[in-house]
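Dumped start_36.pdb below, it's PDB, C-alpha atoms and all ligand atoms:
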ATOM      1  CA  MET A   1       7.561  12.712  18.507
ATOM      2  CA  GLY A   2       8.039  12.321  14.763
ATOM      3  CA  LEU A   3       5.721  13.138  11.917
ATOM      4  CA  LYS A   4       2.529  11.146  12.153
ATOM      5  CA  PHE A   5       2.499   8.086   9.974
ATOM      6  CA  ALA A   6      -0.086   5.558   8.960
ATOM      7  CA  VAL A   7       0.074   1.923   8.062
ATOM      8  CA  LEU A   8      -2.351   0.831   5.378
ATOM      9  CA  GLY A   9      -2.588  -2.904   5.660
ATOM     10  CA  GLY A  10      -4.584  -5.855   4.438
ATOM     11  CA  SER A  11      -6.650  -8.335   6.350
ATOM     12  CA  GLN A  12      -3.658 -10.341   7.615
ATOM     13  CA  ALA A  13      -2.222  -7.232   9.273
ATOM     14  CA  TYR A  14      -5.623  -6.382  10.695
ATOM     15  CA  ASP A  15      -5.845  -9.885  12.196
ATOM     16  CA  LEU A  16      -2.732  -9.075  14.264
ATOM     17  CA  LEU A  17      -4.527  -6.020  15.632
ATOM     18  CA  LYS A  18      -7.645  -8.021  16.357
ATOM     19  CA  SER A  19      -5.706 -10.758  18.155
ATOM     20  CA  GLY A  20      -3.885  -8.191  20.307
ATOM     21  CA  ASP A  21      -0.436  -8.899  18.805
ATOM     22  CA  ILE A  22      -0.500  -5.231  17.846
ATOM     23  CA  ASN A  23      -1.900  -2.889  20.427
ATOM     24  CA  GLY A  24      -4.310  -0.303  19.000
ATOM     25  CA  GLU A  25      -7.421   1.642  19.913
ATOM     26  CA  ARG A  26     -10.282   1.911  17.439
ATOM     27  CA  LEU A  27     -11.004   5.556  16.630
ATOM     28  CA  GLY A  28     -13.603   4.638  14.029
ATOM     29  CA  GLU A  29     -14.560   5.656  10.520
ATOM     30  CA  ILE A  30     -13.902   9.201   9.341
ATOM     31  CA  LYS A  31     -16.516  11.091   7.336
ATOM     32  CA  THR A  32     -15.153  12.447   4.067
ATOM     33  CA  PRO A  33     -16.672  14.058   0.942
ATOM     34  CA  TYR A  34     -16.352  10.602  -0.665
ATOM     35  CA  GLY A  35     -18.208   8.721   2.064
ATOM     36  CA  ASP A  36     -16.948   7.056   5.236
ATOM     37  CA  SER A  37     -13.392   5.772   5.356
ATOM     38  CA  GLN A  38     -12.415   2.424   6.771
ATOM     39  CA  PRO A  39     -11.938   2.681  10.549
ATOM     40  CA  VAL A  40      -8.752   4.220  11.896
ATOM     41  CA  PHE A  41      -6.885   2.705  14.863
ATOM     42  CA  GLN A  42      -4.465   4.669  17.038
ATOM     43  CA  LEU A  43      -1.505   2.359  17.658
ATOM     44  CA  GLY A  44       0.224   2.075  21.034
ATOM     45  CA  ALA A  45       3.130   4.358  21.940
ATOM     46  CA  GLU A  46       5.638   1.580  21.088
ATOM     47  CA  TYR A  47       4.698   2.221  17.438
ATOM     48  CA  GLY A  48       5.439   5.935  17.656
ATOM     49  CA  ASN A  49       2.857   8.424  16.490
ATOM     50  CA  ALA A  50       1.050   6.031  14.167
ATOM     51  CA  VAL A  51      -2.396   4.989  13.058
ATOM     52  CA  PHE A  52      -3.481   1.827  11.279
ATOM     53  CA  MET A  53      -6.159   1.359   8.644
ATOM     54  CA  SER A  54      -7.323  -1.921   7.128
ATOM     55  CA  ARG A  55      -8.101  -1.183   3.508
ATOM     56  CA  HIS A  56     -10.361  -4.221   3.177
ATOM     57  CA  GLY A  57     -12.409  -3.492   6.283
ATOM     58  CA  GLU A  58     -12.770  -5.519   9.428
ATOM     59  CA  LYS A  59     -14.165  -8.804   8.142
ATOM     60  CA  GLY A  60     -11.598 -10.584   5.973
ATOM     61  CA  TYR A  61     -11.986  -9.216   2.474
ATOM     62  CA  SER A  62     -15.442  -7.706   3.010
ATOM     63  CA  THR A  63     -14.317  -4.894   0.709
ATOM     64  CA  THR A  64     -12.295  -6.363  -2.148
ATOM     65  CA  ALA A  65      -9.631  -4.342  -3.938
ATOM     66  CA  PRO A  66     -11.714  -2.947  -6.840
ATOM     67  CA  PHE A  67     -14.353  -1.684  -4.412
ATOM     68  CA  VAL A  68     -12.162  -0.076  -1.754
ATOM     69  CA  ASN A  69     -13.038   3.607  -1.299
ATOM     70  CA  TYR A  70      -9.445   4.708  -1.820
ATOM     71  CA  ARG A  71     -10.237   8.418  -1.906
ATOM     72  CA  ALA A  72     -12.135   8.267   1.403
ATOM     73  CA  ASN A  73      -9.278   6.314   3.035
ATOM     74  CA  ILE A  74      -6.482   8.653   1.924
ATOM     75  CA  TYR A  75      -8.553  11.779   2.631
ATOM     76  CA  ALA A  76      -9.308  10.432   6.127
ATOM     77  CA  LEU A  77      -5.618   9.835   6.858
ATOM     78  CA  LYS A  78      -4.771  13.363   5.724
ATOM     79  CA  GLU A  79      -7.559  14.656   7.966
ATOM     80  CA  GLN A  80      -5.960  12.749  10.861
ATOM     81  CA  GLY A  81      -2.744  14.702  10.350
ATOM     82  CA  VAL A  82      -0.859  11.815   8.748
ATOM     83  CA  SER A  83       2.033  12.865   6.541
ATOM     84  CA  ARG A  84       3.659   9.494   5.825
ATOM     85  CA  ILE A  85       2.015   6.256   4.737
ATOM     86  CA  ILE A  86       3.563   2.808   4.795
ATOM     87  CA  SER A  87       1.623   0.347   2.712
ATOM     88  CA  TRP A  88       1.762  -3.325   3.665
ATOM     89  CA  SER A  89       0.518  -5.854   1.125
ATOM     90  CA  GLY A  90       1.041  -9.393  -0.149
ATOM     91  CA  PRO A  91       1.208  -9.561  -3.951
ATOM     92  CA  GLY A  92       2.213 -12.451  -6.206
ATOM     93  CA  ALA A  93       5.620 -12.791  -7.849
ATOM     94  CA  ILE A  94       6.084 -12.593 -11.613
ATOM     95  CA  ASN A  95       9.863 -12.549 -11.230
ATOM     96  CA  PRO A  96      10.830 -16.235 -10.810
ATOM     97  CA  GLU A  97      13.866 -15.290  -8.716
ATOM     98  CA  TYR A  98      11.676 -13.909  -5.951
ATOM     99  CA  ARG A  99      11.042 -16.175  -2.981
ATOM    100  CA  ILE A 100       7.740 -16.626  -1.173
ATOM    101  CA  GLY A 101       7.753 -14.640   2.074
ATOM    102  CA  GLN A 102      10.521 -12.343   0.824
ATOM    103  CA  PHE A 103      10.009  -8.603   1.378
ATOM    104  CA  VAL A 104      10.204  -6.113  -1.483
ATOM    105  CA  VAL A 105      10.464  -2.335  -1.120
ATOM    106  CA  THR A 106       8.902  -1.511  -4.491
ATOM    107  CA  ASP A 107      10.300   1.304  -6.607
ATOM    108  CA  ASP A 108       7.993   1.489  -9.615
ATOM    109  CA  ILE A 109       4.458   0.702 -10.679
ATOM    110  CA  ILE A 110       2.384  -0.173 -13.751
ATOM    111  CA  ASP A 111      -1.299   0.752 -13.553
ATOM    112  CA  GLU A 112      -3.553  -1.867 -15.134
ATOM    113  CA  THR A 113      -6.657  -0.947 -13.125
ATOM    114  CA  ARG A 114      -9.798  -0.052 -15.053
ATOM    115  CA  ARG A 115     -12.672   1.208 -12.954
ATOM    116  CA  ARG A 116     -11.181   3.083  -9.995
ATOM    117  CA  GLU A 117     -11.342   6.737  -9.018
ATOM    118  CA  THR A 118      -7.673   7.638  -9.334
ATOM    119  CA  THR A 119      -7.621  11.369  -8.573
ATOM    120  CA  PHE A 120      -8.890  13.977  -6.133
ATOM    121  CA  TYR A 121      -8.668  16.567  -8.904
ATOM    122  CA  LYS A 122     -11.558  15.847 -11.204
ATOM    123  CA  ASN A 123     -11.893  18.802 -13.557
ATOM    124  CA  ARG A 124      -9.849  21.052 -11.271
ATOM    125  CA  GLY A 125      -7.129  22.004 -13.732
ATOM    126  CA  VAL A 126      -4.478  20.810 -11.275
ATOM    127  CA  GLY A 127      -2.897  17.543 -10.290
ATOM    128  CA  PHE A 128      -0.398  16.916 -13.090
ATOM    129  CA  VAL A 129       2.004  15.323 -10.659
ATOM    130  CA  ARG A 130       5.269  13.850 -11.912
ATOM    131  CA  GLN A 131       5.582  10.130 -11.098
ATOM    132  CA  SER A 132       9.317   9.695 -10.766
ATOM    133  CA  PRO A 133      10.104   8.795  -8.095
ATOM    134  CA  VAL A 134       6.775   6.985  -7.749
ATOM    135  CA  PHE A 135       7.308   6.022  -4.123
ATOM    136  CA  CYS A 136       8.662   8.382  -1.461
ATOM    137  CA  PRO A 137      12.475   8.167  -1.485
ATOM    138  CA  THR A 138      12.762   9.078   2.215
ATOM    139  CA  LEU A 139      10.269   6.444   3.383
ATOM    140  CA  ARG A 140      11.797   3.829   1.098
ATOM    141  CA  GLU A 141      15.189   4.395   2.744
ATOM    142  CA  LEU A 142      13.521   4.124   6.145
ATOM    143  CA  ALA A 143      11.827   0.855   5.159
ATOM    144  CA  LYS A 144      15.054  -0.586   3.733
ATOM    145  CA  SER A 145      17.190   0.334   6.737
ATOM    146  CA  SER A 146      14.549  -1.107   9.083
ATOM    147  CA  LEU A 147      14.361  -4.423   7.214
ATOM    148  CA  ASN A 148      18.138  -4.486   7.008
ATOM    149  CA  SER A 149      18.678  -3.920  10.714
ATOM    150  CA  LEU A 150      16.213  -6.728  11.482
ATOM    151  CA  SER A 151      18.248  -9.023   9.180
ATOM    152  CA  LEU A 152      15.149  -9.859   7.149
ATOM    153  CA  ASP A 153      15.346 -11.179   3.592
ATOM    154  CA  PHE A 154      14.337  -8.290   1.320
ATOM    155  CA  LEU A 155      14.836  -6.790  -2.115
ATOM    156  CA  ASP A 156      15.403  -3.054  -2.334
ATOM    157  CA  LYS A 157      13.483  -2.561  -5.561
ATOM    158  CA  GLY A 158      10.811  -4.120  -7.725
ATOM    159  CA  THR A 159       8.139  -3.096 -10.206
ATOM    160  CA  TYR A 160       4.559  -3.764  -9.139
ATOM    161  CA  VAL A 161       1.746  -4.115 -11.642
ATOM    162  CA  CYS A 162      -1.681  -3.341 -10.212
ATOM    163  CA  THR A 163      -4.602  -5.218 -11.764
ATOM    164  CA  GLU A 164      -8.308  -4.563 -11.315
ATOM    165  CA  GLY A 165      -9.388  -7.856  -9.752
ATOM    166  CA  PRO A 166     -10.930  -9.391  -7.831
ATOM    167  CA  ARG A 167     -10.220 -12.263 -10.223
ATOM    168  CA  LEU A 168      -6.626 -13.422 -10.536
ATOM    169  CA  GLU A 169      -4.718 -12.956 -13.787
ATOM    170  CA  THR A 170      -4.647 -15.302 -16.759
ATOM    171  CA  PRO A 171      -1.356 -16.974 -17.805
ATOM    172  CA  ALA A 172      -1.217 -14.769 -20.927
ATOM    173  CA  GLU A 173      -1.690 -11.613 -18.843
ATOM    174  CA  ILE A 174       1.195 -12.607 -16.589
ATOM    175  CA  LYS A 175       3.382 -13.208 -19.671
ATOM    176  CA  LYS A 176       2.450  -9.724 -20.890
ATOM    177  CA  PHE A 177       3.281  -8.134 -17.527
ATOM    178  CA  ALA A 178       6.645  -9.949 -17.477
ATOM    179  CA  ILE A 179       7.427  -8.379 -20.860
ATOM    180  CA  TYR A 180       6.476  -4.999 -19.372
ATOM    181  CA  GLY A 181       9.146  -5.558 -16.728
ATOM    182  CA  ALA A 182       6.852  -6.231 -13.772
ATOM    183  CA  ASP A 183       8.212  -8.242 -10.841
ATOM    184  CA  LEU A 184       5.089  -8.352  -8.684
ATOM    185  CA  VAL A 185       1.359  -8.404  -9.339
ATOM    186  CA  GLY A 186      -1.285  -7.212  -6.898
ATOM    187  CA  MET A 187      -4.508  -5.224  -6.684
ATOM    188  CA  THR A 188      -4.006  -2.572  -4.045
ATOM    189  CA  LEU A 189      -1.274   0.037  -4.588
ATOM    190  CA  VAL A 190      -3.214   1.898  -7.301
ATOM    191  CA  PRO A 191      -4.622   4.437  -6.757
ATOM    192  CA  GLU A 192      -3.391   4.677  -3.143
ATOM    193  CA  VAL A 193       0.079   5.900  -4.047
ATOM    194  CA  PHE A 194      -1.195   8.461  -6.560
ATOM    195  CA  LEU A 195      -3.870   9.815  -4.210
ATOM    196  CA  ALA A 196      -1.405  10.146  -1.339
ATOM    197  CA  LYS A 197       0.898  12.197  -3.543
ATOM    198  CA  GLU A 198      -1.933  14.460  -4.642
ATOM    199  CA  LEU A 199      -2.364  15.433  -0.990
ATOM    200  CA  GLU A 200       1.411  15.828  -0.530
ATOM    201  CA  MET A 201       1.813  12.750   1.654
ATOM    202  CA  CYS A 202       4.802  10.414   1.565
ATOM    203  CA  TYR A 203       3.891   6.867   0.530
ATOM    204  CA  ALA A 204       6.081   3.779   0.315
ATOM    205  CA  SER A 205       5.209   0.128  -0.014
ATOM    206  CA  ILE A 206       6.546  -2.951   1.708
ATOM    207  CA  CYS A 207       5.353  -6.075  -0.077
ATOM    208  CA  TYR A 208       5.734  -9.651   1.086
ATOM    209  CA  VAL A 209       5.572 -12.212  -1.701
ATOM    210  CA  THR A 210       2.497 -14.401  -1.178
ATOM    211  CA  ASN A 211       2.546 -16.757  -4.158
ATOM    212  CA  TYR A 212       3.886 -17.125  -7.674
ATOM    213  CA  ALA A 213       1.706 -15.596 -10.352
ATOM    214  CA  GLU A 214      -0.065 -17.824 -12.850
ATOM    215  CA  GLY A 215       2.309 -19.793 -15.090
ATOM    216  CA  ILE A 216       5.503 -18.891 -13.187
ATOM    217  CA  VAL A 217       5.633 -22.280 -11.477
ATOM    218  CA  ASP A 218       3.656 -25.394 -12.314
ATOM    219  CA  ARG A 219       0.758 -25.701  -9.872
ATOM    220  CA  PRO A 220      -2.237 -27.946 -10.596
ATOM    221  CA  PHE A 221      -5.747 -26.530 -10.140
ATOM    222  CA  LYS A 222      -7.150 -27.659  -6.763
ATOM    223  CA  PRO A 223     -10.709 -26.634  -5.950
ATOM    224  CA  GLY A 224     -11.236 -25.599  -2.320
ATOM    225  CA  GLU A 225      -7.633 -24.570  -1.689
ATOM    226  CA  LEU A 226      -6.154 -21.056  -1.409
ATOM    227  CA  PHE A 227      -6.169 -19.506  -4.892
ATOM    228  CA  GLU A 228      -7.337 -22.930  -6.124
ATOM    229  CA  GLY A 229      -3.906 -24.432  -5.623
ATOM    230  CA  LEU A 230      -1.780 -21.512  -6.877
ATOM    231  CA  ALA A 231      -0.176 -21.423  -3.400
ATOM    232  CA  ASP A 232       0.927 -24.623  -1.653
ATOM    233  CA  ASP A 233       1.471 -25.484   2.031
ATOM    234  CA  GLU A 234       5.120 -24.440   2.014
ATOM    235  CA  ASP A 235       4.184 -21.090   0.461
ATOM    236  CA  ARG A 236       1.562 -20.539   3.124
ATOM    237  CA  GLU A 237       4.056 -21.283   5.898
ATOM    238  CA  ASN A 238       6.542 -18.795   4.421
ATOM    239  CA  VAL A 239       3.817 -16.158   4.196
ATOM    240  CA  ARG A 240       2.800 -16.828   7.792
ATOM    241  CA  LYS A 241       6.411 -16.244   8.888
ATOM    242  CA  ALA A 242       6.597 -12.992   6.890
ATOM    243  CA  VAL A 243       3.365 -11.651   8.370
ATOM    244  CA  PHE A 244       4.541 -12.669  11.849
ATOM    245  CA  ASN A 245       7.355 -10.106  11.409
ATOM    246  CA  PHE A 246       4.936  -7.263  10.795
ATOM    247  CA  PRO A 247       4.784  -5.916  14.402
ATOM    248  CA  GLN A 248       8.571  -5.762  14.773
ATOM    249  CA  ILE A 249       9.000  -4.142  11.351
ATOM    250  CA  LEU A 250       6.390  -1.589  12.317
ATOM    251  CA  LYS A 251       8.157  -0.832  15.619
ATOM    252  CA  LYS A 252      11.499  -0.480  13.896
ATOM    253  CA  ILE A 253      10.134   1.900  11.273
ATOM    254  CA  ALA A 254       8.358   3.916  13.966
ATOM    255  CA  ASN A 255      11.574   4.271  15.953
ATOM    256  CA  GLU A 256      13.604   5.243  12.909
ATOM    257  CA  ALA A 257      10.848   7.613  11.737
ATOM    258  CA  ALA A 258      10.747   9.337  15.123
ATOM    259  CA  GLY A 259      14.224  10.696  14.585
ATOM    260  CA  ASN A 260      13.697  11.658  10.970
ATOM    261  CA  ASN A 261      11.549  14.722  10.343
ATOM    262  CA  GLU A 262      13.368  16.037   7.334
ATOM    263  CA  PRO A 263      11.119  17.654   4.778
ATOM    264  CA  CYS A 264      10.664  15.435   1.763
ATOM    265  CA  VAL A 265       9.983  16.169  -1.908
ATOM    266  CA  CYS A 266       6.497  14.640  -1.486
ATOM    267  CA  GLN A 267       5.467  17.454   0.830
ATOM    268  CA  SER A 268       5.800  20.016  -1.941
ATOM    269  CA  LEU A 269       4.301  18.103  -4.861
ATOM    270  CA  MET A 270       1.606  20.749  -5.341
ATOM    271  CA  ALA A 271       4.006  23.707  -5.015
ATOM    272  CA  ARG A 272       3.758  24.618  -8.690
ATOM    273  CA  HIS A 273      -0.005  24.964  -8.427
ATOM    274  CA  LYS A 274       0.289  26.915  -5.178
ATOM    275  CA  ASN A 275       2.878  29.272  -6.643
ATOM    276  CA  ARG A 276       0.628  29.924  -9.618
ATOM    277  CA  GLY A 277      -2.282  30.714  -7.302
ATOM    278  CA  ASP A 278      -4.382  27.809  -8.640
ATOM    279  CA  ILE A 279      -4.817  26.504  -5.109
ATOM    280  CA  GLY A 280      -4.502  28.021  -1.638
ATOM    281  CA  ALA A 281      -2.909  26.862   1.591
ATOM    282  CA  ASP A 282      -5.789  24.678   2.824
ATOM    283  CA  TRP A 283      -5.716  21.271   1.137
ATOM    284  CA  HIS A 284      -9.448  20.768   1.780
ATOM    285  CA  ASP A 285     -10.133  23.339  -0.950
ATOM    286  CA  TRP A 286      -7.860  21.650  -3.501
ATOM    287  CA  VAL A 287      -9.984  18.610  -4.131
ATOM    288  CA  SER A 288     -13.205  18.062  -6.024
ATOM    289  CA  HIS A 289     -16.084  16.768  -3.926
ATOM    290  CA  GLY A 290     -17.521  13.979  -5.968
TER     291      GLY A 290
HETATM  292 ZN    ZN B 301       8.250  11.668   0.829
END

Give the structure from this file in structure tokens form.
Amino acid sequence: MGLKFAVLGGSQAYDLLKSGDINGERLGEIKTPYGDSQPVFQLGAEYGNAVFMSRHGEKGYSTTAPFVNYRANIYALKEQGVSRIISWSGPGAINPEYRIGQFVVTDDIIDETRRRETTFYKNRGVGFVRQSPVFCPTLRELAKSSLNSLSLDFLDKGTYVCTEGPRLETPAEIKKFAIYGADLVGMTLVPEVFLAKELEMCYASICYVTNYAEGIVDRPFKPGELFEGLADDEDRENVRKAVFNFPQILKKIANEAAGNNEPCVCQSLMARHKNRGDIGADWHDWVSHG
């Protein structure tokens, strides 16, 4: 049995669990110093040694991106013995060459969030973690080889800009992010990736492109439709097909992960602080409680 991994997904992935397309048992919320996490689900043996967590809760988007308790969720996964996290999310495309429904194994990030708790190390004198590579190189390879062996359409890199939300971006903001070099825009990877690293967990992201960001393609405003017309019927069908692949991608990654227990750079991200005696062996004592 390989290292335990977790899938952090959105409401579309959770729907697959709810409908029984993915077999999982609800273990419930985990108490943490930051409050209760979202509930954890133990996935069936066909998914290896894996748990699932829906970052937005169990009722659609009952917890929207700016209000997710990211610290509680990541702390809870660490408490469950998870050492590798695969994030599954559906951002918009800024890069006009991206296709709706295409998968992207992101390789860099721009943080444009404003009001989120982004560290476990408030006033602890530790936590100056280098951010290159941002995403775990081992898990990224695993994700890429899994998508490749399933013959799915994917890009092996892409820069993700994370906005605060829940509102979508203005056309001028998207122009700015394009100048920054961003390919994708979403609201969820920050601070997840940074928090995971602070607790020496591997974290990689598989995105599926959900829509084009504002101003990338010409879409009239349509009240009552998804994103007020930013996504059309064809986009929605392509997204549906991408999400439909989630269970088989998950199985593939689980199988590949089972045979790959090599130690990764992420598991020693706090080594400098340990060597200096700033922190001890038990990660529970590293973090600030509040
Ligand atoms: Zn790693």

Which residues would end up in the selection if the PyMOL selection byres (((chain A and resi 187) around 7) and not hetatm) were applied here, given that I need the answer as a list in words?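 When the PyMOL selection byres (((chain A and resi 187) around 7) and not hetatm) is applied, the selected residues are Ala65, Cys162, Thr163, Glu164, Gly165, Gly186, Thr188 and Leu189 of chain A.
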
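Residues in contact with ligand ZN 301 (chain B) comprise Cys136, Pro137, Thr138, Leu139, Met201, Cys202, Tyr203, Cys264, Val265, Cys266 and Gln267 of chain A, where contact means an atom-to-atom distance of at most 7 Å counting all atoms listed in the file.
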
Edge lengths and centre in Å to one decimal, as JSON, of the axis-aligned box that encloses all listed atoms of stretch 130-145 of chain A with 4 Å added on every side?
{"center_x": 11.2, "center_y": 6.6, "center_z": -2.6, "size_x": 19.9, "size_y": 22.4, "size_z": 26.6}

Separating atom CA of A:Ala258 from atom CA of A:Trp283, to the nearest tenth of an Å, is a gap of 24.7 Å

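Put simply, atom CA of A:Glu200 is 13.7 Å away from atom CA of A:Ala76.
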
Which residues are near stretch 27-37 of chain A? Cut-off 9 Å, all atoms listed in the file, ignore same chain within fewer than 5 positions. Put them as a list in words. Gln42, Arg55, Asn69, Tyr70, Arg71, Ala72, Asn73, Ile74, Tyr75, Ala76, Leu77, Glu79, Gln80, Ser288, His289 and Gly290 of chain A
